[in-house]
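Only one structure is covered here, and it is reproduced in the block below.
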Amino acid sequence: MYRLNRFLPTIAIVLSLVFSSAAQEHKEPATLTIGSKAPDFRLKGTGLKSYTLKSFSRAKILVIIFSAPHCPTAQAYEERIKAIQEDYRGKGVQVVMINPNHAGAVCLEEMGYSESGDTFADMQMRARDKAFNFPFLDDGEEQKTALAYGPVATPHVFIFDQQRILRYCGRIDDREKIGTASQHDTRNALEALLAGKEVPVKETRVFGCSVKWKWKNEYRRKLDEEWAQKQVSLERITLEGIKRLVSNDSKKLRVINFWATWCGPCIAEFSGLVETFRMYQGRDFELVTVSLDKAPLEARVKDFLTLKQAAFTANYLFPGEDKYALIEAVDPQWPGNIPYTLIVEPGGKVIHRFSGGVHMTELRKKIVDHPLIGRYF
């Protein structure tokens, strides 16, 4: 006991340091203050080239914007960011975008305004699709750069002068909705610096999605566990029921997937459908599946749906033997192969067909770009 007591103070100090470190890991970092030097970094861009602060040494002014592919506010500003780079490139201004988000901390339920999350592959796709005219760098794995700069939300702008002193920190402008801004804070800061003047407004609040720090993956695990507990339904449906399903008398965009447990491609894409539903379930959206397995296999279908956590809007089994009558009732353009997936507007207009398998990114783009859903608030 005497020996143990001798070491208790040391143990207490060690535990204190451990818990203090854990607390720090769960704490939002302080935002870089005006007048600070730009912290250096080494980050990989979407073109696979690595960049450091010196990579932009020729720029008179460096604009670093923390942004993320999945964030609707960030997406609303992408064209404005491109326009800033285009308008000021000839004046010595360089824009650099950095993704601060740890991809594993982005919940599926947070992706309801995008076709993707924030992985490096997602960044590459976004940079290609939007033709970014500036480097897009990834800090999501270690987040050292984000911790040094301290962005609060995406997008968050940091503007540095030629000596790489921070002269402006804040928003791009005062309105998220495209075409409605009246205060163009980032442009005003650039104009002042280029004219050799003091920046009129040095700091502003920012609005957007919170930064997804590594420790926030705890919340994703919690949501995953909650999803796994959801009840999975399966009901039989008649030919008339199928017709009503396709006519879509709801006010929501409806995806209908026809599949079977004996169909390899159907099974392969199923997890992607579950993720897609989790992404858009909070929007004006429905996802319904119809199994074409024979009636005696109903238990097998239910087991598969449960295993896949397919808590969709609804799951049906069509036990009818006349599959050709089914095909005609669903869509005269359906050649008869499965999986077969439709995107149906309210009123029954089929706006897209996936025959023989779904390209999940294309499906999600079709969903999020539809006026009923949309990318912005």
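Simple scheme: letters A, B, ... for chains in structure tokens order, numbers from 1 for residues in each chain, numbers from 1 for ligands in the order shown.
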
Residue neighbourhood A:Leu253, 9 Å, only C-alpha atoms, exclusion window fewer than 3 positions, as JSON, numbers by chain | {"A": [248, 250, 284, 285, 286, 287, 343, 344, 345, 346, 367, 370, 372, 373]}

Quick one: pick out all strand (DSSP E or B) residues within stretch 32-128 of chain A from a backbone DSSP run and write them as number ranges by chain.
-> A: 37, 42-45, 50-52, 61-66, 93-99

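The neighbours of A:Glu321 here are the residues that come within 8 Å of it, using only C-alpha atoms and leaving out any residue fewer than 2 positions away in the same chain; they are Lys294, Pro319 and Lys323 of chain A.
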
Extract, using only C-alpha atoms, all DNA, RNA and protein residues at most 7 Å from stretch 112-126 of chain A, discarding same-chain residues fewer than 6 positions from it, and format them as an MDAnalysis selection string.
-> chainID A and resid 46 68:70 72 101 103 106 138 279:280 361 364:365 368 374:376

Write a file of the just-selected residues containing C-alpha atoms, as an mmCIF file, in the first residue's frame.
```
data_model
loop_
_atom_site.group_PDB
_atom_site.id
_atom_site.type_symbol
_atom_site.label_atom_id
_atom_site.label_comp_id
_atom_site.auth_asym_id
_atom_site.auth_seq_id
_atom_site.Cartn_x
_atom_site.Cartn_y
_atom_site.Cartn_z
ATOM 1 C CA THR A 46 -7.246 17.015 -56.430
ATOM 2 C CA ALA A 68 -16.347 21.147 -48.478
ATOM 3 C CA PRO A 69 -18.092 19.228 -51.290
ATOM 4 C CA HIS A 70 -21.139 18.088 -49.297
ATOM 5 C CA PRO A 72 -25.044 23.220 -49.379
ATOM 6 C CA ASN A 101 -13.506 17.884 -43.075
ATOM 7 C CA ALA A 103 -14.777 12.234 -44.281
ATOM 8 C CA VAL A 106 -19.711 13.338 -42.204
ATOM 9 C CA ASP A 138 -7.353 17.927 -48.829
ATOM 10 C CA MET A 279 -29.029 10.846 -47.482
ATOM 11 C CA TYR A 280 -32.334 12.191 -48.813
ATOM 12 C CA THR A 361 -23.462 8.910 -58.234
ATOM 13 C CA ARG A 364 -27.871 10.935 -56.614
ATOM 14 C CA LYS A 365 -27.137 13.765 -59.034
ATOM 15 C CA VAL A 368 -30.420 16.376 -55.820
ATOM 16 C CA GLY A 374 -32.288 20.973 -54.762
ATOM 17 C CA ARG A 375 -28.811 21.727 -53.509
ATOM 18 C CA TYR A 376 -29.518 24.881 -51.534
#
```

Length of the atom CA of A:Asn133 to atom CA of A:Ser50 vector [Å] =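 Interatomic distance, atom CA of A:Asn133 to atom CA of A:Ser50: 16.5 Å.
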